[in-house]
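Colleague: What follows is the file my_file.pdb, containing PDB, C-alpha atoms:
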```pdb
MODEL        1
ATOM      1  CA  MET T   1     -17.694  29.032  29.667  1.00  0.00           C
ATOM      2  CA  THR T   2     -14.759  29.102  32.108  1.00  0.00           C
ATOM      3  CA  THR T   3     -11.859  26.726  31.847  1.00  0.00           C
ATOM      4  CA  ARG T   4     -12.884  25.122  35.153  1.00  0.00           C
ATOM      5  CA  SER T   5     -16.435  24.483  33.865  1.00  0.00           C
ATOM      6  CA  LEU T   6     -15.148  23.057  30.603  1.00  0.00           C
ATOM      7  CA  LEU T   7     -12.739  20.766  32.428  1.00  0.00           C
ATOM      8  CA  THR T   8     -15.562  19.537  34.646  1.00  0.00           C
ATOM      9  CA  ILE T   9     -17.600  18.582  31.586  1.00  0.00           C
ATOM     10  CA  LEU T  10     -14.641  16.940  29.915  1.00  0.00           C
ATOM     11  CA  LEU T  11     -13.786  14.926  33.020  1.00  0.00           C
ATOM     12  CA  PHE T  12     -17.412  13.811  33.287  1.00  0.00           C
ATOM     13  CA  TYR T  13     -17.260  12.415  29.780  1.00  0.00           C
ATOM     14  CA  GLY T  14     -13.886  10.943  30.593  1.00  0.00           C
ATOM     15  CA  LEU T  15     -15.385   9.041  33.537  1.00  0.00           C
ATOM     16  CA  CYS T  16     -18.049   7.725  31.172  1.00  0.00           C
ATOM     17  CA  GLY T  17     -15.256   5.963  29.280  1.00  0.00           C
ATOM     18  CA  ALA T  18     -15.042   7.687  25.909  1.00  0.00           C
ATOM     19  CA  GLY T  19     -12.328  10.148  26.866  1.00  0.00           C
ATOM     20  CA  SER T  20     -10.760   8.541  29.922  1.00  0.00           C
ATOM     21  CA  ALA T  21      -7.272   8.541  28.411  1.00  0.00           C
ATOM     22  CA  PHE T  22      -7.498  12.248  27.702  1.00  0.00           C
ATOM     23  CA  ALA T  23      -8.951  12.981  31.150  1.00  0.00           C
ATOM     24  CA  GLN T  24      -5.984  11.236  32.786  1.00  0.00           C
ATOM     25  CA  SER T  25      -3.621  13.232  30.589  1.00  0.00           C
ATOM     26  CA  ILE T  26      -5.272  16.500  31.675  1.00  0.00           C
ATOM     27  CA  ALA T  27      -5.098  15.489  35.309  1.00  0.00           C
ATOM     28  CA  GLN T  28      -1.377  14.795  34.999  1.00  0.00           C
ATOM     29  CA  ASN T  29      -0.646  18.033  33.135  1.00  0.00           C
ATOM     30  CA  GLN T  30      -2.859  20.649  34.782  1.00  0.00           C
ATOM     31  CA  SER T  31      -0.008  23.146  34.751  1.00  0.00           C
ATOM     32  CA  LEU T  32       0.165  23.217  30.929  1.00  0.00           C
ATOM     33  CA  PRO T  33      -0.868  26.641  29.541  1.00  0.00           C
ATOM     34  CA  LEU T  34      -3.716  25.394  27.299  1.00  0.00           C
ATOM     35  CA  ASN T  35      -6.564  27.688  26.328  1.00  0.00           C
ATOM     36  CA  GLU T  36     -10.163  26.487  26.112  1.00  0.00           C
ATOM     37  CA  GLU T  37     -10.067  25.962  22.362  1.00  0.00           C
ATOM     38  CA  GLU T  38      -6.926  23.818  22.541  1.00  0.00           C
ATOM     39  CA  ILE T  39      -8.398  21.739  25.365  1.00  0.00           C
ATOM     40  CA  GLN T  40     -11.653  21.242  23.509  1.00  0.00           C
ATOM     41  CA  LYS T  41      -9.924  20.207  20.277  1.00  0.00           C
ATOM     42  CA  ALA T  42      -7.729  17.743  22.139  1.00  0.00           C
ATOM     43  CA  PHE T  43     -10.763  16.309  23.911  1.00  0.00           C
ATOM     44  CA  LEU T  44     -12.754  15.977  20.698  1.00  0.00           C
ATOM     45  CA  ARG T  45      -9.947  13.992  19.087  1.00  0.00           C
ATOM     46  CA  ALA T  46      -9.542  11.754  22.139  1.00  0.00           C
ATOM     47  CA  TYR T  47     -13.313  11.296  22.479  1.00  0.00           C
ATOM     48  CA  TYR T  48     -13.682  10.448  18.811  1.00  0.00           C
ATOM     49  CA  SER T  49     -10.735   8.078  18.754  1.00  0.00           C
ATOM     50  CA  GLY T  50     -11.941   6.309  21.867  1.00  0.00           C
ATOM     51  CA  GLY T  51     -15.536   6.041  20.665  1.00  0.00           C
ATOM     52  CA  SER T  52     -14.824   4.824  17.152  1.00  0.00           C
ATOM     53  CA  GLY T  53     -13.764   1.336  16.257  1.00  0.00           C
ATOM     54  CA  PHE T  54     -10.661   2.464  14.400  1.00  0.00           C
ATOM     55  CA  THR T  55      -7.095   3.163  15.274  1.00  0.00           C
ATOM     56  CA  SER T  56      -5.949   6.680  16.013  1.00  0.00           C
ATOM     57  CA  ASP T  57      -4.169   6.685  12.641  1.00  0.00           C
ATOM     58  CA  LEU T  58      -7.474   6.654  10.765  1.00  0.00           C
ATOM     59  CA  VAL T  59      -8.726   9.627  12.733  1.00  0.00           C
ATOM     60  CA  PHE T  60      -5.666  11.649  11.839  1.00  0.00           C
ATOM     61  CA  GLY T  61      -7.183  14.905  10.625  1.00  0.00           C
ATOM     62  CA  GLN T  62      -9.254  17.895  11.695  1.00  0.00           C
ATOM     63  CA  GLU T  63     -12.844  18.313  12.781  1.00  0.00           C
ATOM     64  CA  TYR T  64     -14.973  18.965   9.687  1.00  0.00           C
ATOM     65  CA  TYR T  65     -17.218  22.027   9.748  1.00  0.00           C
ATOM     66  CA  ALA T  66     -20.428  21.504   7.751  1.00  0.00           C
ATOM     67  CA  TYR T  67     -20.484  25.033   6.309  1.00  0.00           C
ATOM     68  CA  HIS T  68     -23.224  23.983   3.864  1.00  0.00           C
ATOM     69  CA  SER T  69     -25.798  22.939   6.479  1.00  0.00           C
ATOM     70  CA  ARG T  70     -28.286  25.618   5.354  1.00  0.00           C
ATOM     71  CA  SER T  71     -27.745  24.993   1.634  1.00  0.00           C
ATOM     72  CA  ASN T  72     -30.324  23.131  -0.425  1.00  0.00           C
ATOM     73  CA  SER T  73     -27.738  22.119  -3.027  1.00  0.00           C
ATOM     74  CA  LYS T  74     -24.627  20.861  -1.289  1.00  0.00           C
ATOM     75  CA  PRO T  75     -21.007  20.332  -2.370  1.00  0.00           C
ATOM     76  CA  ILE T  76     -21.149  16.720  -1.168  1.00  0.00           C
ATOM     77  CA  LEU T  77     -20.900  14.205  -4.002  1.00  0.00           C
ATOM     78  CA  PHE T  78     -23.601  11.956  -2.553  1.00  0.00           C
ATOM     79  CA  ASP T  79     -25.655  13.415   0.285  1.00  0.00           C
ATOM     80  CA  ASP T  80     -28.117  10.527   0.595  1.00  0.00           C
ATOM     81  CA  ASP T  81     -27.899   7.078   2.155  1.00  0.00           C
ATOM     82  CA  LEU T  82     -27.959   5.129  -1.114  1.00  0.00           C
ATOM     83  CA  TYR T  83     -24.259   4.330  -1.057  1.00  0.00           C
ATOM     84  CA  THR T  84     -21.532   2.680   0.996  1.00  0.00           C
ATOM     85  CA  SER T  85     -17.815   3.376   1.046  1.00  0.00           C
ATOM     86  CA  SER T  86     -14.355   2.053   1.815  1.00  0.00           C
ATOM     87  CA  ILE T  87     -10.869   3.485   2.168  1.00  0.00           C
ATOM     88  CA  ILE T  88      -7.209   2.495   2.228  1.00  0.00           C
ATOM     89  CA  PHE T  89      -5.753   4.764   4.892  1.00  0.00           C
ATOM     90  CA  ASP T  90      -2.143   4.603   6.043  1.00  0.00           C
ATOM     91  CA  GLY T  91      -1.793   1.182   4.422  1.00  0.00           C
ATOM     92  CA  LYS T  92      -4.907  -0.291   6.081  1.00  0.00           C
ATOM     93  CA  TYR T  93      -8.205  -1.162   4.408  1.00  0.00           C
ATOM     94  CA  TYR T  94     -11.519  -0.164   6.024  1.00  0.00           C
ATOM     95  CA  ASP T  95     -14.811  -1.285   4.527  1.00  0.00           C
ATOM     96  CA  ASN T  96     -18.477  -0.506   5.111  1.00  0.00           C
ATOM     97  CA  ILE T  97     -17.816   2.907   6.651  1.00  0.00           C
ATOM     98  CA  LYS T  98     -19.528   6.243   6.064  1.00  0.00           C
ATOM     99  CA  LEU T  99     -17.452   8.632   3.967  1.00  0.00           C
ATOM    100  CA  GLN T 100     -18.402  11.829   2.172  1.00  0.00           C
ATOM    101  CA  TYR T 101     -16.440  13.672  -0.468  1.00  0.00           C
ATOM    102  CA  ASP T 102     -16.615  17.470  -0.390  1.00  0.00           C
ATOM    103  CA  ALA T 103     -15.994  18.512  -4.008  1.00  0.00           C
ATOM    104  CA  TYR T 104     -15.670  22.191  -3.031  1.00  0.00           C
ATOM    105  CA  THR T 105     -12.890  21.821  -0.452  1.00  0.00           C
ATOM    106  CA  ASP T 106     -11.503  18.490  -1.749  1.00  0.00           C
ATOM    107  CA  GLU T 107     -11.929  16.816   1.645  1.00  0.00           C
ATOM    108  CA  VAL T 108     -12.697  13.201   2.508  1.00  0.00           C
ATOM    109  CA  VAL T 109     -14.959  13.253   5.559  1.00  0.00           C
ATOM    110  CA  TYR T 110     -15.456  10.310   7.897  1.00  0.00           C
ATOM    111  CA  ILE T 111     -18.765  10.140   9.776  1.00  0.00           C
ATOM    112  CA  ASP T 112     -19.446   7.828  12.693  1.00  0.00           C
ATOM    113  CA  LEU T 113     -23.217   7.335  12.825  1.00  0.00           C
ATOM    114  CA  ASN T 114     -22.915   5.777  16.275  1.00  0.00           C
ATOM    115  CA  LEU T 115     -20.956   8.634  17.802  1.00  0.00           C
ATOM    116  CA  PHE T 116     -22.868  11.812  18.573  1.00  0.00           C
ATOM    117  CA  LEU T 117     -21.680  15.112  19.944  1.00  0.00           C
ATOM    118  CA  ASN T 118     -24.047  18.018  20.481  1.00  0.00           C
ATOM    119  CA  PHE T 119     -26.834  15.875  18.961  1.00  0.00           C
ATOM    120  CA  THR T 120     -25.021  15.423  15.625  1.00  0.00           C
ATOM    121  CA  SER T 121     -22.784  12.722  14.217  1.00  0.00           C
ATOM    122  CA  TYR T 122     -19.169  13.682  14.641  1.00  0.00           C
ATOM    123  CA  GLN T 123     -17.339  14.361  11.373  1.00  0.00           C
ATOM    124  CA  ILE T 124     -13.628  14.509  10.718  1.00  0.00           C
ATOM    125  CA  SER T 125     -11.699  15.546   7.618  1.00  0.00           C
ATOM    126  CA  LEU T 126      -9.139  12.778   7.118  1.00  0.00           C
ATOM    127  CA  ASN T 127      -5.497  13.586   6.501  1.00  0.00           C
ATOM    128  CA  LYS T 128      -5.074  13.594   2.701  1.00  0.00           C
ATOM    129  CA  ASP T 129      -1.468  12.446   2.778  1.00  0.00           C
ATOM    130  CA  LYS T 130      -2.466   9.129   4.364  1.00  0.00           C
ATOM    131  CA  ILE T 131      -5.265   8.303   1.899  1.00  0.00           C
ATOM    132  CA  GLU T 132      -4.091   5.872  -0.756  1.00  0.00           C
ATOM    133  CA  MET T 133      -7.573   5.605  -2.277  1.00  0.00           C
ATOM    134  CA  PHE T 134     -11.229   5.577  -1.351  1.00  0.00           C
ATOM    135  CA  SER T 135     -14.278   4.136  -3.072  1.00  0.00           C
ATOM    136  CA  LEU T 136     -17.968   4.998  -3.161  1.00  0.00           C
ATOM    137  CA  TYR T 137     -20.453   2.249  -4.100  1.00  0.00           C
ATOM    138  CA  ARG T 138     -23.821   3.494  -5.281  1.00  0.00           C
ATOM    139  CA  LEU T 139     -26.651   1.753  -7.131  1.00  0.00           C
ATOM    140  CA  GLY T 140     -24.355  -0.827  -8.705  1.00  0.00           C
ATOM    141  CA  ASP T 141     -21.628   1.653  -9.649  1.00  0.00           C
ATOM    142  CA  THR T 142     -18.175   1.901  -8.104  1.00  0.00           C
ATOM    143  CA  LEU T 143     -16.279   5.191  -8.035  1.00  0.00           C
ATOM    144  CA  ASN T 144     -12.589   4.831  -7.172  1.00  0.00           C
ATOM    145  CA  PHE T 145     -10.748   7.985  -6.120  1.00  0.00           C
ATOM    146  CA  TYR T 146      -7.012   8.608  -5.974  1.00  0.00           C
ATOM    147  CA  ARG T 147      -5.055  11.700  -5.026  1.00  0.00           C
ATOM    148  CA  ILE T 148      -3.055  12.653  -8.111  1.00  0.00           C
ATOM    149  CA  ASP T 149      -0.050  14.806  -7.377  1.00  0.00           C
ATOM    150  CA  GLU T 150       2.453  13.995 -10.102  1.00  0.00           C
ATOM    151  CA  GLY T 151       5.434  16.147 -10.936  1.00  0.00           C
ATOM    152  CA  GLY T 152       4.992  17.762 -14.345  1.00  0.00           C
ATOM    153  CA  SER T 153       1.312  16.808 -14.449  1.00  0.00           C
ATOM    154  CA  ASN T 154      -1.265  19.153 -15.927  1.00  0.00           C
ATOM    155  CA  LEU T 155      -3.588  18.324 -13.054  1.00  0.00           C
ATOM    156  CA  GLU T 156      -3.829  20.312  -9.846  1.00  0.00           C
ATOM    157  CA  PRO T 157      -3.066  18.116  -6.815  1.00  0.00           C
ATOM    158  CA  ARG T 158      -6.401  16.799  -5.493  1.00  0.00           C
ATOM    159  CA  PHE T 159      -8.650  13.731  -5.520  1.00  0.00           C
ATOM    160  CA  TYR T 160      -9.857  12.420  -8.873  1.00  0.00           C
ATOM    161  CA  GLU T 161     -12.111   9.561  -9.777  1.00  0.00           C
ATOM    162  CA  VAL T 162     -10.050   7.155 -11.900  1.00  0.00           C
ATOM    163  CA  PRO T 163     -12.461   4.915 -13.858  1.00  0.00           C
ATOM    164  CA  TYR T 164      -9.643   3.354 -15.854  1.00  0.00           C
ATOM    165  CA  GLN T 165      -5.873   3.071 -15.694  1.00  0.00           C
ATOM    166  CA  GLY T 166      -4.023   0.893 -18.180  1.00  0.00           C
ATOM    167  CA  ILE T 167      -1.590   2.032 -20.842  1.00  0.00           C
ATOM    168  CA  THR T 168      -3.912   5.015 -21.056  1.00  0.00           C
ATOM    169  CA  ARG T 169      -5.598   6.645 -18.053  1.00  0.00           C
ATOM    170  CA  LEU T 170      -8.866   8.460 -17.500  1.00  0.00           C
ATOM    171  CA  ALA T 171      -9.407  10.868 -14.594  1.00  0.00           C
ATOM    172  CA  ILE T 172     -12.527  12.792 -13.591  1.00  0.00           C
ATOM    173  CA  LYS T 173     -12.369  15.895 -11.441  1.00  0.00           C
ATOM    174  CA  TYR T 174     -15.423  16.775  -9.356  1.00  0.00           C
ATOM    175  CA  TYR T 175     -15.542  20.450  -8.491  1.00  0.00           C
ATOM    176  CA  CYS T 176     -18.099  23.050  -7.435  1.00  0.00           C
ATOM    177  CA  THR T 177     -19.354  26.413  -8.509  1.00  0.00           C
ATOM    178  CA  ALA T 178     -21.083  28.474  -5.841  1.00  0.00           C
ATOM    179  CA  HIS T 179     -23.642  31.277  -5.866  1.00  0.00           C
ATOM    180  CA  ILE T 180     -25.708  33.144  -3.310  1.00  0.00           C
ATOM    181  CA  GLU T 181     -29.460  32.601  -3.311  1.00  0.00           C
ATOM    182  CA  LYS T 182     -31.534  34.448  -0.717  1.00  0.00           C
ATOM    183  CA  THR T 183     -28.391  35.088   1.373  1.00  0.00           C
ATOM    184  CA  ILE T 184     -27.538  31.360   1.448  1.00  0.00           C
ATOM    185  CA  GLU T 185     -24.669  29.868  -0.530  1.00  0.00           C
ATOM    186  CA  GLN T 186     -25.720  27.149  -2.979  1.00  0.00           C
ATOM    187  CA  PHE T 187     -23.419  24.737  -4.793  1.00  0.00           C
ATOM    188  CA  LYS T 188     -23.420  22.919  -8.117  1.00  0.00           C
ATOM    189  CA  ILE T 189     -21.120  19.947  -8.649  1.00  0.00           C
ATOM    190  CA  ARG T 190     -19.526  19.733 -12.080  1.00  0.00           C
ATOM    191  CA  LYS T 191     -17.187  17.289 -13.820  1.00  0.00           C
ATOM    192  CA  ALA T 192     -14.006  17.793 -15.822  1.00  0.00           C
ATOM    193  CA  PHE T 193     -12.515  14.916 -17.859  1.00  0.00           C
ATOM    194  CA  PHE T 194      -8.789  14.315 -18.360  1.00  0.00           C
ATOM    195  CA  LEU T 195      -6.961  11.775 -20.512  1.00  0.00           C
ATOM    196  CA  ASP T 196      -3.376  10.544 -20.322  1.00  0.00           C
ATOM    197  CA  THR T 197      -2.123   8.750 -23.445  1.00  0.00           C
ATOM    198  CA  GLY T 198       1.451   8.626 -22.218  1.00  0.00           C
ATOM    199  CA  ASP T 199       2.613  12.221 -21.916  1.00  0.00           C
ATOM    200  CA  GLY T 200       0.519  13.518 -19.025  1.00  0.00           C
ATOM    201  CA  PHE T 201      -3.122  14.408 -18.444  1.00  0.00           C
ATOM    202  CA  TYR T 202      -4.962  16.787 -20.753  1.00  0.00           C
ATOM    203  CA  ARG T 203      -8.538  17.941 -20.497  1.00  0.00           C
ATOM    204  CA  PHE T 204     -11.127  17.155 -23.171  1.00  0.00           C
ATOM    205  CA  ARG T 205     -14.660  18.500 -23.429  1.00  0.00           C
ATOM    206  CA  GLY T 206     -16.094  16.312 -26.164  1.00  0.00           C
ATOM    207  CA  LYS T 207     -15.546  13.549 -28.681  1.00  0.00           C
ATOM    208  CA  ARG T 208     -13.468  15.639 -31.105  1.00  0.00           C
ATOM    209  CA  GLN T 209     -10.984  16.781 -28.455  1.00  0.00           C
ATOM    210  CA  PHE T 210     -10.839  13.243 -27.052  1.00  0.00           C
ATOM    211  CA  ILE T 211      -9.824  11.751 -30.405  1.00  0.00           C
ATOM    212  CA  LYS T 212      -7.306  14.534 -31.084  1.00  0.00           C
ATOM    213  CA  LEU T 213      -5.407  13.702 -27.873  1.00  0.00           C
ATOM    214  CA  PHE T 214      -4.357  10.353 -29.383  1.00  0.00           C
ATOM    215  CA  GLY T 215      -2.227  12.047 -32.028  1.00  0.00           C
ATOM    216  CA  ALA T 216      -1.040   9.399 -34.500  1.00  0.00           C
ATOM    217  CA  GLY T 217      -3.478   6.922 -32.945  1.00  0.00           C
ATOM    218  CA  ALA T 218      -6.535   9.044 -33.778  1.00  0.00           C
ATOM    219  CA  ASP T 219      -7.486   6.853 -36.758  1.00  0.00           C
ATOM    220  CA  GLU T 220      -7.455   3.737 -34.573  1.00  0.00           C
ATOM    221  CA  ILE T 221      -9.760   5.450 -32.073  1.00  0.00           C
ATOM    222  CA  ARG T 222     -12.213   6.444 -34.811  1.00  0.00           C
ATOM    223  CA  SER T 223     -12.221   2.853 -36.093  1.00  0.00           C
ATOM    224  CA  ILE T 224     -12.856   1.481 -32.588  1.00  0.00           C
ATOM    225  CA  ILE T 225     -15.807   3.832 -32.087  1.00  0.00           C
ATOM    226  CA  ASP T 226     -17.334   3.147 -35.517  1.00  0.00           C
ATOM    227  CA  GLU T 227     -16.725  -0.610 -35.763  1.00  0.00           C
ATOM    228  CA  ASN T 228     -18.039  -1.295 -32.263  1.00  0.00           C
ATOM    229  CA  ASP T 229     -20.913   1.174 -32.583  1.00  0.00           C
ATOM    230  CA  ILE T 230     -19.879   2.919 -29.351  1.00  0.00           C
ATOM    231  CA  ARG T 231     -21.844   6.010 -28.429  1.00  0.00           C
ATOM    232  CA  PHE T 232     -19.277   8.382 -26.936  1.00  0.00           C
ATOM    233  CA  SER T 233     -20.810  10.210 -23.966  1.00  0.00           C
ATOM    234  CA  LEU T 234     -19.409  12.279 -21.101  1.00  0.00           C
ATOM    235  CA  LYS T 235     -22.584  11.432 -19.197  1.00  0.00           C
ATOM    236  CA  ASP T 236     -21.626   7.767 -19.442  1.00  0.00           C
ATOM    237  CA  PRO T 237     -17.901   7.402 -18.662  1.00  0.00           C
ATOM    238  CA  SER T 238     -18.198   3.635 -19.172  1.00  0.00           C
ATOM    239  CA  SER T 239     -18.383   4.297 -22.933  1.00  0.00           C
ATOM    240  CA  ILE T 240     -15.010   6.065 -22.758  1.00  0.00           C
ATOM    241  CA  VAL T 241     -13.553   3.239 -20.664  1.00  0.00           C
ATOM    242  CA  THR T 242     -14.681   0.736 -23.317  1.00  0.00           C
ATOM    243  CA  ILE T 243     -12.842   2.710 -26.009  1.00  0.00           C
ATOM    244  CA  LEU T 244      -9.666   2.934 -23.937  1.00  0.00           C
ATOM    245  CA  LYS T 245      -9.653  -0.784 -23.131  1.00  0.00           C
ATOM    246  CA  LYS T 246      -9.949  -1.701 -26.813  1.00  0.00           C
ATOM    247  CA  TYR T 247      -7.255   0.802 -27.775  1.00  0.00           C
ATOM    248  CA  ASP T 248      -4.865  -0.487 -25.116  1.00  0.00           C
ATOM    249  CA  GLN T 249      -5.509  -4.045 -26.308  1.00  0.00           C
ATOM    250  CA  LEU T 250      -4.511  -3.031 -29.833  1.00  0.00           C
ATOM    251  CA  LEU T 251      -1.308  -1.490 -28.498  1.00  0.00           C
ATOM    252  CA  LEU T 252      -0.463  -4.650 -26.579  1.00  0.00           C
ATOM    253  CA  GLU T 253      -1.127  -6.846 -29.608  1.00  0.00           C
ATOM    254  CA  SER T 254       1.014  -4.657 -31.875  1.00  0.00           C
ATOM    255  CA  ASN T 255       3.870  -4.705 -29.341  1.00  0.00           C
ATOM    256  CA  ILE T 256       3.691  -8.483 -29.120  1.00  0.00           C
ATOM    257  CA  ALA T 257       3.657  -8.816 -32.918  1.00  0.00           C
ATOM    258  CA  GLY T 258       6.592  -6.459 -33.189  1.00  0.00           C
ATOM    259  CA  GLY T 259       8.609  -8.560 -30.781  1.00  0.00           C
TER     260      GLY T 259
ENDMDL
END
```
Go ahead and render the structure in this file as structure tokens.

Modeller:
Amino acid sequence: MTTRSLLTILLFYGLCGAGSAFAQSIAQNQSLPLNEEEIQKAFLRAYYSGGSGFTSDLVFGQEYYAYHSRSNSKPILFDDDLYTSSIIFDGKYYDNIKLQYDAYTDEVVYIDLNLFLNFTSYQISLNKDKIEMFSLYRLGDTLNFYRIDEGGSNLEPRFYEVPYQGITRLAIKYYCTAHIEKTIEQFKIRKAFFLDTGDGFYRFRGKRQFIKLFGAGADEIRSIIDENDIRFSLKDPSSIVTILKKYDQLLLESNIAGG
């Protein structure tokens, strides 16, 4: 497609209202040495920003390429419609929006179901530095994600689900393994669990490693599990959260008693 043809299409959409601001900008700066790709990217951002109900700050990111469109097993945490989501982006809270989390590329993708381009909903990978947190609500469960990038941390900088943060903290990393099946890449989402008892996050793979991370407090953890008949399970993070809450309560009570 020639630049003239592309500009004609862009100006047509601009006259329709969605990209009028961008069309005026092009008209005023026709002498700028932009190639077709740069023009198209600029138009997509202007079209998206104008067509969505959010400020341009929320749409600060890059167009998301759905590289997994032919895959049966996808790297998207939830790829159905059984959930809703919210986000705190650049200090502002947005609720009841459509977000997806790509566990393979560690991207938070915003989808506007009312905005279509080339017969598909437009998707944009939001700027990670502006995301304070985002939440996914599914079947009565709430998953809260934070980007953890702490100096001296044992965690790689990325988004983690944080089911609990008190005196102790629990973080869950969602990541993908990939393999080729009949020339098409397939993905499997896995979980890795990390615990911070006060000296940084460390990974644990089972009950024994979990208890060992408490050091001198290991006996208290065993007592909490036994006395409350808690069934420790990585498949049920709420059981781990229950243990941590009771342990933190003991620490608070002992600190109060000790003055």

Colleague: Using the chain letters and numbers from the file, which residues does the PyMOL selection byres ((chain T and resi 233) around 12) grab, as a PyMOL selection string?

Modeller: chain T and resi 193+204-208+210+225+230-232+234-243

Colleague: Grab the CA of Phe187 in chain T to CA of Gln209 in chain T distance for me, in Å with one decimal place.

Modeller: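 Distance between the two atoms: 27.9 Å.
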
Colleague: Residues picked by the PyMOL selection byres ((chain T and resi 127-132) around 6) here, as an NGL selection string?

Modeller: :T and (60-61 or 88-90 or 126 or 133)

Colleague: I want to know what sits within 10 Å of Phe145 in chain T, based on all atoms listed in the file, with residues of the same chain fewer than 5 positions away left out; could you give that as a PyMOL selection string?

Modeller: chain T and resi 87+101+131-136+158-163+171-173

Colleague: Give me, as a PyMOL selection string, all polymer residues having an atom no more than 9 Å from Ile221 in chain T, counting only C-alpha atoms and skipping those fewer than 2 positions away in the same chain.

Modeller: chain T and resi 211+214+217-219+223-226+243-244+246-247

Colleague: Would you translate the PyMOL selection byres ((chain T and resi 189) around 8) into the concrete set of residues it matches in this file, as a PyMOL selection string?

Modeller: chain T and resi 75+77+103+174-177+187-188+190-191

Colleague: Would you put the residues from that selection into a file with C-alpha atoms, as a compact mmCIF listing (two decimals), in the frame of the given file?

Modeller:
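What follows is the written file again_11.txt:
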```txt
# COMPACT_ATOMS: atom_id res chain seq x y z
CA PRO T 75 -21.01 20.33 -2.37
CA LEU T 77 -20.90 14.20 -4.00
CA ALA T 103 -15.99 18.51 -4.01
CA TYR T 174 -15.42 16.77 -9.36
CA TYR T 175 -15.54 20.45 -8.49
CA CYS T 176 -18.10 23.05 -7.44
CA THR T 177 -19.35 26.41 -8.51
CA PHE T 187 -23.42 24.74 -4.79
CA LYS T 188 -23.42 22.92 -8.12
CA ARG T 190 -19.53 19.73 -12.08
CA LYS T 191 -17.19 17.29 -13.82
```

Colleague: Rank T:Asp229, T:Glu220, T:Glu156, T:Glu150 by their smallest atom-to-atom distance to Leu251 in chain T, using all atoms listed in the file, and report the top residue only.

Modeller: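 The closest residue to Leu251 in chain T is T:Glu220.
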
Colleague: Could you give me the axis-aligned bounding box of range 160-178 of chain T, with 5 Å of padding per side, as centre plus edge lengths in Å to one decimal, as lines of an AutoDock Vina configuration file?

Modeller:
```
center_x = -11.3
center_y = 14.7
center_z = -13.4
size_x = 29.5
size_y = 37.6
size_z = 25.2
```

Colleague: Nearest to Ile167 in chain T among T:Thr105, T:Gln186, T:Thr142, T:Gln249, with distances taken over only C-alpha atoms: which residue is it?

Modeller: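 Smallest distance to Ile167 in chain T is found for T:Gln249.
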
Colleague: Could you check how far CA of Ile111 in chain T sits from CA of Gly140 in chain T, in Å to one decimal?

Modeller: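 For CA of Ile111 in chain T relative to CA of Gly140 in chain T, the distance reads 22.2 Å.
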
Colleague: Could you jot down the CA of Phe201 in chain T to CA of Thr168 in chain T separation for me, Å, one decimal place?

Modeller: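 Taking CA of Phe201 in chain T and CA of Thr168 in chain T, their separation equals 9.8 Å.
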
Colleague: Name the residues within 6 Å of (-20.7, 9.3, 6.7), counting all atoms listed in the file in the file's coordinates, and put them as a ChimeraX atom specification.

Modeller: /T:98-100,110-111

Colleague: For the residues selected in the previous step, produce a file with C-alpha atoms as an mmCIF file, in the coordinates of the input.

Modeller:
```
data_model
loop_
_atom_site.group_PDB
_atom_site.id
_atom_site.type_symbol
_atom_site.label_atom_id
_atom_site.label_comp_id
_atom_site.auth_asym_id
_atom_site.auth_seq_id
_atom_site.Cartn_x
_atom_site.Cartn_y
_atom_site.Cartn_z
ATOM 1 C CA LYS T 98 -19.528 6.243 6.064
ATOM 2 C CA LEU T 99 -17.452 8.632 3.967
ATOM 3 C CA GLN T 100 -18.402 11.829 2.172
ATOM 4 C CA TYR T 110 -15.456 10.310 7.897
ATOM 5 C CA ILE T 111 -18.765 10.140 9.776
#
```

Colleague: Determine the nearest neighbour of Glu63 in chain T from the options T:Tyr104, T:Tyr122, T:Tyr93, T:Phe78, counting all atoms listed in the file.

Modeller: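 Of all the options, T:Tyr122 lies closest to Glu63 in chain T.
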
Colleague: Kindly indicate which residue among T:Asn72, T:Leu155, T:Ala66, T:Gly91 lies nearest to Ala192 in chain T, using all atoms listed in the file for the distances.

Modeller: T:Leu155
